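Participant: So here's input15.txt (compact mmCIF, C-alpha atoms and all ligand atoms).
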```
# COMPACT_ATOMS: atom_id res chain seq x y z
CA MET A 1 -68.85 42.84 14.70
CA ASN A 2 -71.69 45.32 14.03
CA ALA A 3 -72.07 47.01 10.67
CA PRO A 4 -70.01 50.21 10.57
CA ILE A 5 -71.90 53.50 10.67
CA VAL A 6 -71.03 55.01 7.34
CA ILE A 7 -71.80 58.66 6.82
CA ASP A 8 -71.32 59.62 3.20
CA PHE A 9 -70.24 63.27 3.14
CA GLY A 10 -69.87 63.31 -0.59
CA LYS A 11 -67.91 61.28 -3.05
CA ASN A 12 -65.68 59.25 -0.75
CA ILE A 13 -65.74 60.88 2.65
CA LYS A 14 -66.42 58.42 5.49
CA ALA A 15 -66.74 58.96 9.23
CA LYS A 16 -65.82 55.33 9.81
CA MET A 17 -64.48 52.84 7.37
CA LEU A 18 -64.38 49.07 6.97
CA VAL A 19 -61.70 47.80 4.62
CA ASP A 20 -61.72 44.25 3.28
CA ILE A 21 -58.30 42.74 2.69
CA ILE A 22 -58.26 39.81 0.28
CA ALA A 23 -55.64 37.07 0.30
CA GLY A 24 -55.71 33.65 -1.31
CA ALA A 25 -52.31 32.40 -2.43
CA ARG A 26 -48.79 32.27 -0.96
CA PRO A 27 -47.44 35.56 -2.36
CA ASN A 28 -50.59 37.38 -1.19
CA PHE A 29 -49.91 36.58 2.46
CA ILE A 30 -46.49 38.18 2.25
CA LYS A 31 -47.96 41.31 0.61
CA ILE A 32 -50.88 41.84 3.03
CA ALA A 33 -48.91 41.45 6.29
CA PRO A 34 -47.54 45.04 6.34
CA ILE A 35 -50.85 46.53 5.14
CA ILE A 36 -52.67 44.96 8.09
CA GLU A 37 -49.96 46.20 10.42
CA ALA A 38 -50.30 49.75 9.07
CA ILE A 39 -54.10 49.70 9.39
CA GLU A 40 -53.86 48.37 12.95
CA ALA A 41 -51.40 51.13 13.84
CA GLN A 42 -53.80 53.81 12.55
CA HIS A 43 -56.75 52.17 14.27
CA ASN A 44 -54.85 52.08 17.56
CA ALA A 45 -53.94 55.73 17.09
CA GLY A 46 -57.66 56.54 17.01
CA VAL A 47 -58.36 56.71 13.28
CA ASN A 48 -61.78 55.25 12.41
CA ILE A 49 -60.50 52.52 10.13
CA ASP A 50 -61.10 48.82 10.64
CA PHE A 51 -60.37 45.78 8.51
CA ARG A 52 -61.84 42.40 7.72
CA LEU A 53 -59.37 39.77 6.48
CA VAL A 54 -60.85 37.45 3.87
CA HIS A 55 -58.89 34.31 2.95
CA THR A 56 -60.32 32.83 -0.23
CA GLY A 57 -58.82 29.38 0.41
CA GLN A 58 -57.11 29.27 -3.02
CA HIS A 59 -54.02 27.92 -1.25
CA TYR A 60 -54.81 25.72 1.73
CA ASP A 61 -51.90 23.37 2.57
CA LYS A 62 -50.27 24.37 5.85
CA ASN A 63 -46.93 24.95 4.14
CA MET A 64 -48.60 27.18 1.48
CA SER A 65 -50.84 29.14 3.84
CA GLY A 66 -51.06 28.63 7.65
CA ASP A 67 -47.28 28.69 8.17
CA PHE A 68 -47.11 32.20 6.67
CA PHE A 69 -49.77 33.51 9.05
CA GLU A 70 -47.77 32.13 11.98
CA GLN A 71 -44.33 33.30 10.84
CA LEU A 72 -45.43 36.77 9.72
CA GLY A 73 -47.78 37.39 12.64
CA ILE A 74 -50.84 37.84 10.41
CA PRO A 75 -54.06 37.67 12.44
CA ALA A 76 -56.43 34.77 11.76
CA PRO A 77 -58.75 35.55 8.83
CA HIS A 78 -62.23 36.74 9.79
CA HIS A 79 -63.58 34.59 6.96
CA ASN A 80 -62.26 31.69 4.90
CA LEU A 81 -64.17 31.13 1.65
CA GLU A 82 -62.58 27.66 1.29
CA ALA A 83 -62.60 27.87 -2.51
CA GLY A 84 -59.79 25.31 -2.90
CA SER A 85 -58.38 24.15 -6.24
CA GLY A 86 -60.09 23.74 -9.60
CA THR A 87 -60.03 24.92 -13.19
CA GLN A 88 -59.67 28.67 -13.73
CA ALA A 89 -63.44 29.13 -14.11
CA GLU A 90 -64.34 26.80 -11.24
CA GLN A 91 -61.99 28.54 -8.86
CA THR A 92 -63.09 32.02 -9.98
CA ALA A 93 -66.75 31.08 -9.56
CA LYS A 94 -66.24 29.61 -6.08
CA ILE A 95 -64.34 32.67 -4.87
CA MET A 96 -66.84 35.13 -6.39
CA THR A 97 -69.83 33.29 -4.96
CA GLY A 98 -68.31 33.07 -1.50
CA TYR A 99 -67.20 36.70 -1.37
CA GLU A 100 -70.45 38.01 -2.82
CA LYS A 101 -72.39 36.23 -0.06
CA LEU A 102 -70.20 37.87 2.54
CA LEU A 103 -70.61 41.32 1.00
CA LEU A 104 -74.38 40.93 0.80
CA GLU A 105 -74.46 40.10 4.50
CA LYS A 106 -72.17 43.00 5.35
CA PRO A 107 -70.65 45.29 2.72
CA CYS A 108 -67.28 46.96 3.11
CA ASP A 109 -66.31 50.49 2.10
CA LEU A 110 -63.15 49.52 0.27
CA CYS A 111 -61.89 46.18 -1.03
CA ILE A 112 -58.10 45.89 -1.17
CA VAL A 113 -56.77 43.22 -3.51
CA VAL A 114 -53.06 42.48 -3.98
CA GLY A 115 -51.04 40.88 -6.77
CA ASP A 116 -52.35 38.97 -9.75
CA VAL A 117 -53.76 35.63 -8.62
CA THR A 118 -57.27 34.40 -9.36
CA SER A 119 -58.46 35.51 -5.91
CA THR A 120 -57.40 39.09 -6.78
CA MET A 121 -59.54 39.22 -9.90
CA ALA A 122 -62.53 37.29 -8.52
CA CYS A 123 -62.93 39.45 -5.41
CA SER A 124 -62.48 42.73 -7.27
CA ILE A 125 -65.32 41.76 -9.63
CA ALA A 126 -67.58 40.62 -6.78
CA ALA A 127 -67.01 43.88 -4.87
CA LYS A 128 -67.44 46.18 -7.83
CA LYS A 129 -70.71 44.55 -8.85
CA ILE A 130 -72.22 45.10 -5.42
CA ASN A 131 -73.26 48.72 -5.37
CA ASN A 132 -69.94 49.87 -6.86
CA ILE A 133 -67.82 49.12 -3.80
CA LYS A 134 -64.49 50.85 -4.27
CA VAL A 135 -61.55 48.63 -5.21
CA ALA A 136 -57.87 49.32 -4.46
CA HIS A 137 -55.30 47.24 -6.32
CA VAL A 138 -51.91 46.92 -4.65
CA GLU A 139 -49.36 46.10 -7.37
CA GLY A 140 -51.68 47.52 -10.04
CA GLY A 141 -50.48 48.25 -13.55
CA ILE A 142 -47.86 45.54 -14.03
CA ARG A 143 -48.05 43.72 -17.38
CA SER A 144 -46.08 40.87 -18.94
CA GLY A 145 -47.77 41.22 -22.33
CA ASP A 146 -48.18 37.43 -22.33
CA TRP A 147 -51.87 36.65 -22.67
CA THR A 148 -51.25 32.90 -22.26
CA MET A 149 -50.62 33.51 -18.54
CA PRO A 150 -53.72 33.39 -16.35
CA GLU A 151 -52.10 36.11 -14.23
CA GLU A 152 -52.04 38.57 -17.16
CA ILE A 153 -55.81 38.16 -17.61
CA ASN A 154 -56.25 38.63 -13.86
CA ARG A 155 -54.21 41.86 -13.99
CA ILE A 156 -56.06 43.32 -16.96
CA VAL A 157 -59.53 42.50 -15.64
CA THR A 158 -58.73 43.73 -12.12
CA ASP A 159 -57.21 46.98 -13.36
CA ALA A 160 -60.20 47.62 -15.65
CA ILE A 161 -62.44 47.99 -12.57
CA THR A 162 -59.96 49.31 -9.98
CA ASP A 163 -60.57 52.75 -8.44
CA TYR A 164 -57.22 53.29 -6.67
CA PHE A 165 -53.96 51.93 -8.04
CA PHE A 166 -51.02 51.44 -5.68
CA THR A 167 -48.02 50.80 -7.89
CA THR A 168 -44.50 49.41 -7.59
CA SER A 169 -42.79 51.18 -10.50
CA GLU A 170 -42.89 53.98 -13.05
CA VAL A 171 -43.32 51.30 -15.76
CA ALA A 172 -46.56 50.22 -14.07
CA ASN A 173 -47.68 53.86 -13.88
CA ASN A 174 -47.11 54.23 -17.61
CA ASN A 175 -48.99 51.01 -18.39
CA LEU A 176 -51.97 52.46 -16.56
CA ARG A 177 -51.68 55.84 -18.27
CA LYS A 178 -51.61 54.07 -21.64
CA ALA A 179 -54.84 52.32 -20.63
CA GLY A 180 -56.42 55.73 -19.95
CA VAL A 181 -56.17 55.82 -16.15
CA PRO A 182 -55.78 59.43 -14.93
CA ASP A 183 -52.78 60.25 -12.72
CA SER A 184 -55.19 61.24 -9.95
CA ARG A 185 -55.99 57.55 -9.36
CA ILE A 186 -52.38 56.29 -9.50
CA TYR A 187 -50.33 56.23 -6.28
CA PHE A 188 -46.70 55.24 -6.80
CA VAL A 189 -45.89 53.80 -3.38
CA GLY A 190 -43.34 50.98 -3.76
CA ASN A 191 -43.55 47.29 -2.94
CA THR A 192 -45.24 45.75 0.12
CA MET A 193 -43.48 42.41 -0.50
CA ILE A 194 -40.25 44.28 0.20
CA ASP A 195 -41.71 45.83 3.39
CA THR A 196 -42.05 42.27 4.67
CA LEU A 197 -38.59 41.31 3.45
CA TYR A 198 -36.91 44.17 5.35
CA LYS A 199 -39.00 43.64 8.46
CA GLN A 200 -38.32 39.91 8.62
CA MET A 201 -34.64 39.95 7.55
CA PRO A 202 -33.31 39.93 11.14
CA ARG A 203 -35.47 36.85 11.79
CA PHE A 204 -34.37 34.80 8.77
CA THR A 205 -33.72 31.27 9.99
CA LYS A 206 -31.19 28.68 8.87
CA PRO A 207 -33.28 25.69 7.72
CA GLY A 208 -32.56 22.16 8.97
CA ILE A 209 -31.38 21.10 5.51
CA TRP A 210 -28.37 23.44 5.85
CA GLU A 211 -26.54 20.87 7.98
CA GLU A 212 -28.12 17.87 6.26
CA TYR A 213 -26.75 18.88 2.83
CA ASP A 214 -23.60 20.49 4.26
CA LEU A 215 -24.38 23.86 2.65
CA LYS A 216 -21.81 26.66 2.60
CA ASP A 217 -22.34 30.38 2.09
CA LYS A 218 -22.62 31.30 -1.65
CA SER A 219 -21.89 27.70 -2.66
CA TYR A 220 -25.33 26.38 -3.58
CA ILE A 221 -28.20 27.29 -5.88
CA VAL A 222 -31.88 27.74 -4.91
CA MET A 223 -34.45 26.83 -7.55
CA THR A 224 -38.25 27.15 -7.72
CA LEU A 225 -40.57 26.28 -10.61
CA HIS A 226 -44.35 26.53 -10.74
CA ARG A 227 -45.45 28.20 -13.98
CA PRO A 228 -47.71 25.98 -16.09
CA ALA A 229 -45.48 26.61 -19.16
CA ASN A 230 -42.51 25.02 -17.32
CA VAL A 231 -44.07 22.38 -15.09
CA ASP A 232 -47.28 21.07 -16.64
CA ASP A 233 -45.43 19.09 -19.33
CA LYS A 234 -43.34 16.21 -18.01
CA ASP A 235 -40.74 16.26 -20.79
CA LYS A 236 -40.28 20.04 -20.57
CA LEU A 237 -39.82 19.89 -16.81
CA LYS A 238 -37.33 17.05 -17.12
CA GLU A 239 -35.36 18.91 -19.79
CA ILE A 240 -35.18 22.11 -17.69
CA ILE A 241 -34.02 20.34 -14.53
CA THR A 242 -31.49 18.19 -16.38
CA GLU A 243 -30.01 21.28 -18.01
CA ILE A 244 -29.73 23.05 -14.63
CA VAL A 245 -28.02 20.01 -13.10
CA ASN A 246 -25.61 19.74 -16.04
CA SER A 247 -24.73 23.45 -15.79
CA SER A 248 -24.30 23.63 -12.01
CA GLN A 249 -20.72 22.28 -11.70
CA GLY A 250 -21.94 19.90 -8.99
CA LEU A 251 -23.03 22.64 -6.56
CA PRO A 252 -25.92 21.59 -4.32
CA LEU A 253 -29.27 22.52 -5.92
CA ILE A 254 -31.97 23.13 -3.32
CA PHE A 255 -35.40 22.74 -4.87
CA PRO A 256 -38.40 23.48 -2.57
CA VAL A 257 -41.19 22.11 -4.73
CA HIS A 258 -44.52 23.93 -5.23
CA PRO A 259 -47.51 21.56 -4.94
CA ARG A 260 -48.43 22.20 -8.58
CA THR A 261 -45.02 20.82 -9.62
CA ALA A 262 -44.79 17.90 -7.19
CA LYS A 263 -46.79 15.28 -9.09
CA MET A 264 -45.18 16.02 -12.46
CA LEU A 265 -41.72 16.00 -10.90
CA GLU A 266 -42.35 12.53 -9.53
CA ALA A 267 -43.51 11.40 -12.98
CA THR A 268 -40.19 12.50 -14.52
CA GLY A 269 -38.44 9.95 -12.28
CA ILE A 270 -35.26 12.07 -12.30
CA SER A 271 -32.69 11.81 -9.53
CA TYR A 272 -29.26 13.43 -9.29
CA SER A 273 -26.82 13.38 -6.40
CA ASN A 274 -26.65 17.21 -6.14
CA LEU A 275 -30.40 17.81 -6.67
CA HIS A 276 -32.13 18.10 -3.29
CA VAL A 277 -35.89 18.05 -3.64
CA ILE A 278 -37.76 19.29 -0.55
CA GLY A 279 -41.26 20.58 0.25
CA PRO A 280 -42.19 24.29 0.24
CA LEU A 281 -40.24 26.13 2.94
CA GLY A 282 -41.45 28.66 5.48
CA TYR A 283 -40.80 32.31 4.60
CA LEU A 284 -38.00 32.80 7.13
CA GLU A 285 -36.16 29.63 6.06
CA PHE A 286 -36.65 30.20 2.34
CA ASN A 287 -35.32 33.74 2.41
CA TYR A 288 -32.36 32.73 4.59
CA LEU A 289 -31.47 30.28 1.83
CA VAL A 290 -31.89 32.90 -0.91
CA GLN A 291 -29.85 35.49 0.99
CA HIS A 292 -26.90 33.09 1.29
CA ALA A 293 -27.19 31.44 -2.14
CA LYS A 294 -24.78 31.80 -5.04
CA ALA A 295 -27.80 32.28 -7.28
CA VAL A 296 -31.50 31.60 -7.71
CA VAL A 297 -33.10 29.92 -10.71
CA THR A 298 -36.84 30.55 -10.77
CA ASP A 299 -40.03 31.31 -12.66
CA SER A 300 -41.59 33.09 -9.67
CA GLY A 301 -42.43 36.79 -9.76
CA GLY A 302 -41.94 37.64 -6.10
CA ILE A 303 -38.63 35.83 -5.79
CA THR A 304 -37.08 37.98 -8.56
CA GLU A 305 -37.92 41.04 -6.42
CA GLU A 306 -36.50 39.56 -3.21
CA ALA A 307 -33.31 38.40 -4.99
CA THR A 308 -32.94 41.93 -6.38
CA VAL A 309 -33.17 43.54 -2.95
CA MET A 310 -30.74 41.00 -1.46
CA SER A 311 -28.36 41.42 -4.44
CA VAL A 312 -28.43 37.70 -5.26
CA PRO A 313 -28.00 36.72 -8.95
CA CYS A 314 -31.35 35.60 -10.35
CA MET A 315 -32.06 33.61 -13.54
CA THR A 316 -35.70 33.63 -14.62
CA LEU A 317 -36.99 30.84 -16.83
CA ARG A 318 -39.67 32.89 -18.57
CA ASP A 319 -39.94 34.71 -21.89
CA SER A 320 -41.37 37.87 -20.35
CA THR A 321 -41.69 39.60 -17.01
CA GLU A 322 -44.25 41.96 -15.56
CA ARG A 323 -41.47 43.19 -13.24
CA PRO A 324 -38.94 44.65 -15.72
CA GLU A 325 -37.21 46.70 -13.01
CA THR A 326 -35.83 43.46 -11.55
CA CYS A 327 -33.86 43.16 -14.83
CA THR A 328 -33.14 46.80 -15.69
CA VAL A 329 -32.24 47.79 -12.10
CA GLY A 330 -31.88 44.55 -10.17
CA THR A 331 -30.02 41.24 -10.39
CA ASN A 332 -32.53 39.37 -12.52
CA GLU A 333 -32.00 38.16 -16.08
CA LEU A 334 -34.68 36.61 -18.28
CA LEU A 335 -33.34 33.40 -19.81
CA GLY A 336 -36.55 32.49 -21.64
CA THR A 337 -38.14 29.05 -21.55
CA ASP A 338 -35.70 27.36 -23.95
CA PRO A 339 -33.48 25.13 -21.76
CA LYS A 340 -30.49 25.72 -24.06
CA ASN A 341 -30.14 29.22 -22.55
CA ILE A 342 -29.40 27.81 -19.09
CA ALA A 343 -25.79 26.67 -19.63
CA PRO A 344 -24.50 30.06 -20.93
CA ALA A 345 -26.14 31.84 -18.00
CA PHE A 346 -24.43 29.54 -15.49
CA ALA A 347 -21.11 30.08 -17.31
CA LYS A 348 -21.57 33.82 -16.82
CA LEU A 349 -22.40 33.28 -13.14
CA PHE A 350 -19.27 31.17 -12.56
CA SER A 351 -17.07 33.70 -14.38
CA GLY A 352 -18.07 36.22 -11.70
CA GLU A 353 -19.58 38.60 -14.23
CA TRP A 354 -23.14 38.69 -12.91
CA LYS A 355 -24.46 42.21 -12.29
CA LYS A 356 -24.71 43.40 -8.68
CA GLY A 357 -27.86 45.42 -9.31
CA ALA A 358 -29.47 48.18 -7.29
CA ILE A 359 -32.75 48.59 -5.43
CA PRO A 360 -35.73 49.99 -7.37
CA GLU A 361 -37.19 53.35 -6.38
CA LEU A 362 -39.36 53.36 -3.24
CA TRP A 363 -38.70 49.70 -2.40
CA ASP A 364 -37.72 50.95 1.02
CA GLY A 365 -39.85 49.07 3.54
CA LYS A 366 -42.37 51.92 4.02
CA THR A 367 -44.87 51.16 1.27
CA ALA A 368 -47.78 49.90 3.39
CA LYS A 369 -47.66 53.03 5.55
CA ARG A 370 -47.91 55.13 2.37
CA ILE A 371 -50.85 53.09 1.12
CA VAL A 372 -52.82 53.38 4.35
CA GLY A 373 -51.92 57.07 4.65
CA GLN A 374 -53.35 57.67 1.17
CA ILE A 375 -56.52 55.72 1.96
CA ILE A 376 -57.07 57.80 5.09
CA GLN A 377 -56.65 60.96 3.07
CA VAL A 378 -58.83 59.89 0.13
CA PHE A 379 -61.65 58.79 2.43
CA GLY A 380 -61.28 61.82 4.68
CA LEU A 381 -60.95 59.74 7.86
CA LYS A 382 -60.32 61.31 11.23
C1 LIG B 401 -51.13 30.43 -8.16
C2 LIG B 401 -51.25 31.66 -9.00
C3 LIG B 401 -49.87 32.10 -9.47
C4 LIG B 401 -48.94 32.27 -8.29
C5 LIG B 401 -48.92 31.01 -7.44
C6 LIG B 401 -48.14 31.28 -6.20
C7 LIG B 401 -53.30 31.88 -10.33
C8 LIG B 401 -53.90 31.73 -11.66
N1 LIG B 401 -52.05 31.41 -10.19
O1 LIG B 401 -50.63 29.38 -8.97
O2 LIG B 401 -49.98 33.35 -10.12
O3 LIG B 401 -47.65 32.53 -8.78
O4 LIG B 401 -50.26 30.67 -7.06
O5 LIG B 401 -47.71 30.13 -5.58
O6 LIG B 401 -53.90 32.39 -9.43
N2 LIG B 401 -52.23 22.93 -4.67
C9 LIG B 401 -52.10 22.16 -3.55
N3 LIG B 401 -52.17 22.78 -2.33
C10 LIG B 401 -52.39 24.10 -2.17
C11 LIG B 401 -52.53 24.88 -3.31
C12 LIG B 401 -52.45 24.30 -4.56
O7 LIG B 401 -51.90 20.95 -3.63
O8 LIG B 401 -52.43 24.58 -1.01
C13 LIG B 401 -52.11 22.29 -6.00
C14 LIG B 401 -53.45 21.80 -6.56
O9 LIG B 401 -53.22 20.61 -7.25
C15 LIG B 401 -53.81 22.91 -7.53
C16 LIG B 401 -52.46 23.36 -8.04
O10 LIG B 401 -51.58 23.24 -6.92
O11 LIG B 401 -54.65 22.47 -8.56
C17 LIG B 401 -52.43 24.77 -8.57
O12 LIG B 401 -52.92 25.69 -7.58
P1 LIG B 401 -53.55 27.10 -8.06
O13 LIG B 401 -53.85 27.94 -6.88
O14 LIG B 401 -54.67 26.87 -9.03
O15 LIG B 401 -52.42 27.75 -8.91
P2 LIG B 401 -50.87 27.88 -8.61
O16 LIG B 401 -50.13 27.08 -9.63
O17 LIG B 401 -50.62 27.60 -7.18
N1 LIG B 402 -41.56 31.39 -0.78
C1 LIG B 402 -41.46 30.75 0.46
N2 LIG B 402 -41.14 29.41 0.48
C2 LIG B 402 -40.87 28.70 -0.66
C3 LIG B 402 -40.96 29.38 -1.91
C4 LIG B 402 -41.32 30.72 -1.92
O1 LIG B 402 -41.67 31.36 1.50
O2 LIG B 402 -40.58 27.50 -0.57
C5 LIG B 402 -41.96 32.83 -0.80
C6 LIG B 402 -40.98 33.74 -1.47
O3 LIG B 402 -40.01 34.22 -0.57
C7 LIG B 402 -41.88 34.86 -1.98
C8 LIG B 402 -43.17 34.16 -2.31
O4 LIG B 402 -43.12 32.92 -1.61
O5 LIG B 402 -42.10 35.80 -0.94
C9 LIG B 402 -43.30 33.92 -3.79
O6 LIG B 402 -44.38 33.10 -4.04
P1 LIG B 402 -44.53 32.25 -5.39
O7 LIG B 402 -43.22 32.06 -6.04
O8 LIG B 402 -45.32 31.06 -5.02
O9 LIG B 402 -45.49 33.18 -6.24
P2 LIG B 402 -45.25 34.37 -7.30
O10 LIG B 402 -44.48 35.44 -6.63
O11 LIG B 402 -44.56 33.78 -8.49
O12 LIG B 402 -46.63 34.78 -7.68
```
I'd like the structure from this file rewritten - as structure tokens, please.

Facilitator:
Amino acid sequence: MNAPIVIDFGKNIKAKMLVDIIAGARPNFIKIAPIIEAIEAQHNAGVNIDFRLVHTGQHYDKNMSGDFFEQLGIPAPHHNLEAGSGTQAEQTAKIMTGYEKLLLEKPCDLCIVVGDVTSTMACSIAAKKINNIKVAHVEGGIRSGDWTMPEEINRIVTDAITDYFFTTSEVANNNLRKAGVPDSRIYFVGNTMIDTLYKQMPRFTKPGIWEEYDLKDKSYIVMTLHRPANVDDKDKLKEIITEIVNSSQGLPLIFPVHPRTAKMLEATGISYSNLHVIGPLGYLEFNYLVQHAKAVVTDSGGITEEATVMSVPCMTLRDSTERPETCTVGTNELLGTDPKNIAPAFAKLFSGEWKKGAIPELWDGKTAKRIVGQIIQVFGLK
């Protein structure tokens, strides 16, 4: 691909524009799919916008990365930085070094980062430090207030250097306003993860384990755990899982295990007849399971949003959330990280008293189109 001819008519006006889209970890792939689709649609309609997909390589196992590209029809990345795993600083450094090299060879006009993973922060810094490349943060402004989470640092650092904020909620807008961001740079657009959910819903696929474990509609629980606070300590992990098993009235518990959790789970040595430990599932299979589950127990961020939209009861094993609308509007409830809170929550679920919830504002499946429409307007593209 040749370098784009960029004619700067003033502050942001471009005759032709190259947008970098950054993705590194599982939830990123789900969030970028509709943005790419919306850019391609504009490009095909004759608008002078093009994209370059950069995979940082933060997640690399087939079932954490490649499978999502296949299932969601995401085009192959133009570049893979192959950063891999490491400590927070090692991973950040590898991603920044790789992306900087790419930008020095061929700069982009706008770098779009999504979510709150290390790839998000690392690429936004690399872009901003090269001739002030503009940064757009999709899912900007969310805050948990918990500075022990690496994601909270990623959010704060990314938002400190973001030019255009695409937000999922009014709470996020207010967080940004409190930090001094003017309204002119905040675009309340909704949630691209939910664009993908609505688009893929007709394709959700019953996983093979449905027959194997004799699952019945609304008669099993889905659980996922991957936050360091829950899974990096063997005794804590064992205590949480034991409490879930003891509270579940023998319902099948389907536990697709994140690679971070796998080794520690093995070390706990636990085994229960209704606890079914499996590898990470594909998107279509996982969300089929969630849609038909009695409830979800999780410490994921994205899954609380999907459970909300599908009106499935959701128990979150965290002390805080950066997605408060999943609790105030949706089906999510924060149980905290103390395992003693699990039994009462299950009792409430079995009594049939769990809230039905509603869908947060603008989580309507059209967010990516709004984002790309705004970019075209801001950059004055024809
Ligand atoms: C990361 C994000 C987290 C997000 C999660 C989504 C950060 C700081 N954390 O956490 O916000 O919720 O992704 O899933 O960015 N591993 C593999 N194979 C892989 C990927 C990871 O085996 O393909 C293992 C490695 O041992 C690695 C560990 O998982 O050290 C953790 O991976 P990492 O990307 O550092 O963080 P996550 O816990 O996945
Ligand atoms: N997911 C999946 N298979 C699984 C577990 C999760 O496809 O086995 C999807 C899930 O539907 C959601 C996303 O992965 O779209 C959430 O990713 P994760 O929980 O890893 O990260 P978080 O949202 O907490 O950052």

Participant: Enumerate residues in contact with ligand LIG 402 (chain B): an atom-to-atom distance of at most 6 Å, counting all atoms listed in the file. Format the result as a list in words.

Facilitator: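 After applying the 6 Å limit, what remains is Arg26, Pro27, Ile30, Pro256, Pro280, Leu281, Gly282, Tyr283, Phe286, Asn287, Ser300, Gly301, Gly302 and Ile303 of chain A.
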
Participant: Can you tell me which residues sit at most 10 Å away from ligand LIG 401 (chain B), counting only C-alpha atoms and all ligand atoms, written as a VMD selection string?

Facilitator: chain A and resid 24 to 28 57 to 66 83 to 88 90 to 92 115 to 122 149 to 154 225 to 228 231 to 232 258 to 263 280 299 to 302

Participant: Go through A:Glu285, A:Glu239, A:Glu170, A:Glu100 and flag the residue nearest Arg203 (chain A), using only C-alpha atoms for the distances.

Facilitator: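 Answer, going by the shortest atom-to-atom distance: A:Glu285.
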
Participant: Tell me which protein, DNA and RNA residues are within 7 Å of region 218-223 of chain A, counting all atoms listed in the file, leaving out same-chain ones fewer than 5 positions away, and put them as a ChimeraX atom specification.

Facilitator: /A:251-255,290,292-298

Participant: Using only C-alpha atoms, which protein or nucleic acid residues come within 9 Å of Arg52 (chain A)? Drop anything in the same chain fewer than 6 positions from it, and give the result as a list of chain:residue names.

Facilitator: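 These residues fall inside the cut-off: A:Leu18, A:Val19, A:Asp20, A:Ile21, A:Ile22, A:Pro77, A:His78, A:His79, A:Cys108.
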
Participant: Taking all atoms listed in the file into account, which of A:Ile342, A:Ala136, A:Ala358, A:Ile32 comes nearest Val245 (chain A)?

Facilitator: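 Comparing A:Ile342, A:Ala136, A:Ala358, A:Ile32 against Val245 (chain A), the winner is A:Ile342.
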
Participant: Have a look at A:Met193, A:Ala343, A:Leu237, A:Ala229 and name the one nearest to Thr148 (chain A); count only C-alpha atoms.

Facilitator: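 Among the listed residues, the smallest separation from Thr148 (chain A) belongs to A:Ala229.
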
Participant: Residues within 12 Å of Ala33 (chain A), please, as JSON, numbers by chain. Count only C-alpha atoms; anything in the same chain fewer than 5 positions from it doesn't count.

Facilitator: {"A": [21, 22, 23, 26, 27, 28, 38, 39, 40, 53, 68, 69, 70, 71, 72, 73, 74, 75, 76, 77, 114, 192, 193, 194, 195, 196, 197, 199, 200, 367, 368, 369]}

Participant: Keeping only C-alpha atoms, write the selected residues to a file as a compact mmCIF listing (two decimals), in the coordinates of the input.

Facilitator:
```
# COMPACT_ATOMS: atom_id res chain seq x y z
CA ILE A 21 -58.30 42.74 2.69
CA ILE A 22 -58.26 39.81 0.28
CA ALA A 23 -55.64 37.07 0.30
CA ARG A 26 -48.79 32.27 -0.96
CA PRO A 27 -47.44 35.56 -2.36
CA ASN A 28 -50.59 37.38 -1.19
CA ALA A 38 -50.30 49.75 9.07
CA ILE A 39 -54.10 49.70 9.39
CA GLU A 40 -53.86 48.37 12.95
CA LEU A 53 -59.37 39.77 6.48
CA PHE A 68 -47.11 32.20 6.67
CA PHE A 69 -49.77 33.51 9.05
CA GLU A 70 -47.77 32.13 11.98
CA GLN A 71 -44.33 33.30 10.84
CA LEU A 72 -45.43 36.77 9.72
CA GLY A 73 -47.78 37.39 12.64
CA ILE A 74 -50.84 37.84 10.41
CA PRO A 75 -54.06 37.67 12.44
CA ALA A 76 -56.43 34.77 11.76
CA PRO A 77 -58.75 35.55 8.83
CA VAL A 114 -53.06 42.48 -3.98
CA THR A 192 -45.24 45.75 0.12
CA MET A 193 -43.48 42.41 -0.50
CA ILE A 194 -40.25 44.28 0.20
CA ASP A 195 -41.71 45.83 3.39
CA THR A 196 -42.05 42.27 4.67
CA LEU A 197 -38.59 41.31 3.45
CA LYS A 199 -39.00 43.64 8.46
CA GLN A 200 -38.32 39.91 8.62
CA THR A 367 -44.87 51.16 1.27
CA ALA A 368 -47.78 49.90 3.39
CA LYS A 369 -47.66 53.03 5.55
```

Participant: Let me have the centre and edge lengths of the axis-aligned box enclosing all listed atoms of region 358-361 of chain A with 8 Å padding on every side, in Å to one decimal, as lines of an AutoDock Vina configuration file.

Facilitator:
```
center_x = -33.3
center_y = 50.8
center_z = -6.4
size_x = 23.7
size_y = 21.2
size_z = 17.9
```

Participant: By how many Å are CA of Pro339 (chain A) and CA of Cys314 (chain A) apart?

Facilitator: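 Spanning CA of Pro339 (chain A) to CA of Cys314 (chain A) is a straight-line distance of 15.6 Å.
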
Participant: Which neighbours of Lys234 (chain A) fall inside 8 Å, counting all atoms listed in the file, when residues of the same chain fewer than 5 positions from it are skipped, and could you give them as a PyMOL selection string?

Facilitator: chain A and resi 264-265+267-268

Participant: What does the distance from CA of Thr304 (chain A) to CA of Thr316 (chain A) come to in Å, to one decimal?

Facilitator: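 Result for CA of Thr304 (chain A) versus CA of Thr316 (chain A): 7.6 Å, one decimal.
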
Participant: When distances are computed from only C-alpha atoms, which of A:Leu284, A:Ile36, A:Leu289, A:Ile359 shows the smallest separation from Glu305 (chain A)?

Facilitator: A:Ile359

Participant: Hey, can you check how far CA of Lys14 (chain A) sits from CA of Gly380 (chain A)?

Facilitator: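 Distance reported for this atom pair: 6.2 Å.
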
Participant: Give me the residues near Asp109 (chain A) as a list in words, where near means some atom within 10 Å (using only C-alpha atoms) and where sequence neighbours in that chain fewer than 6 positions away do not count.

Facilitator: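 Selected residues are Pro4, Val6, Asn12, Lys14, Lys16, Met17, Leu18, Val19, Asp20, Phe51, Ala127, Asn132, Ile133, Lys134, Val135 and Phe379 of chain A.
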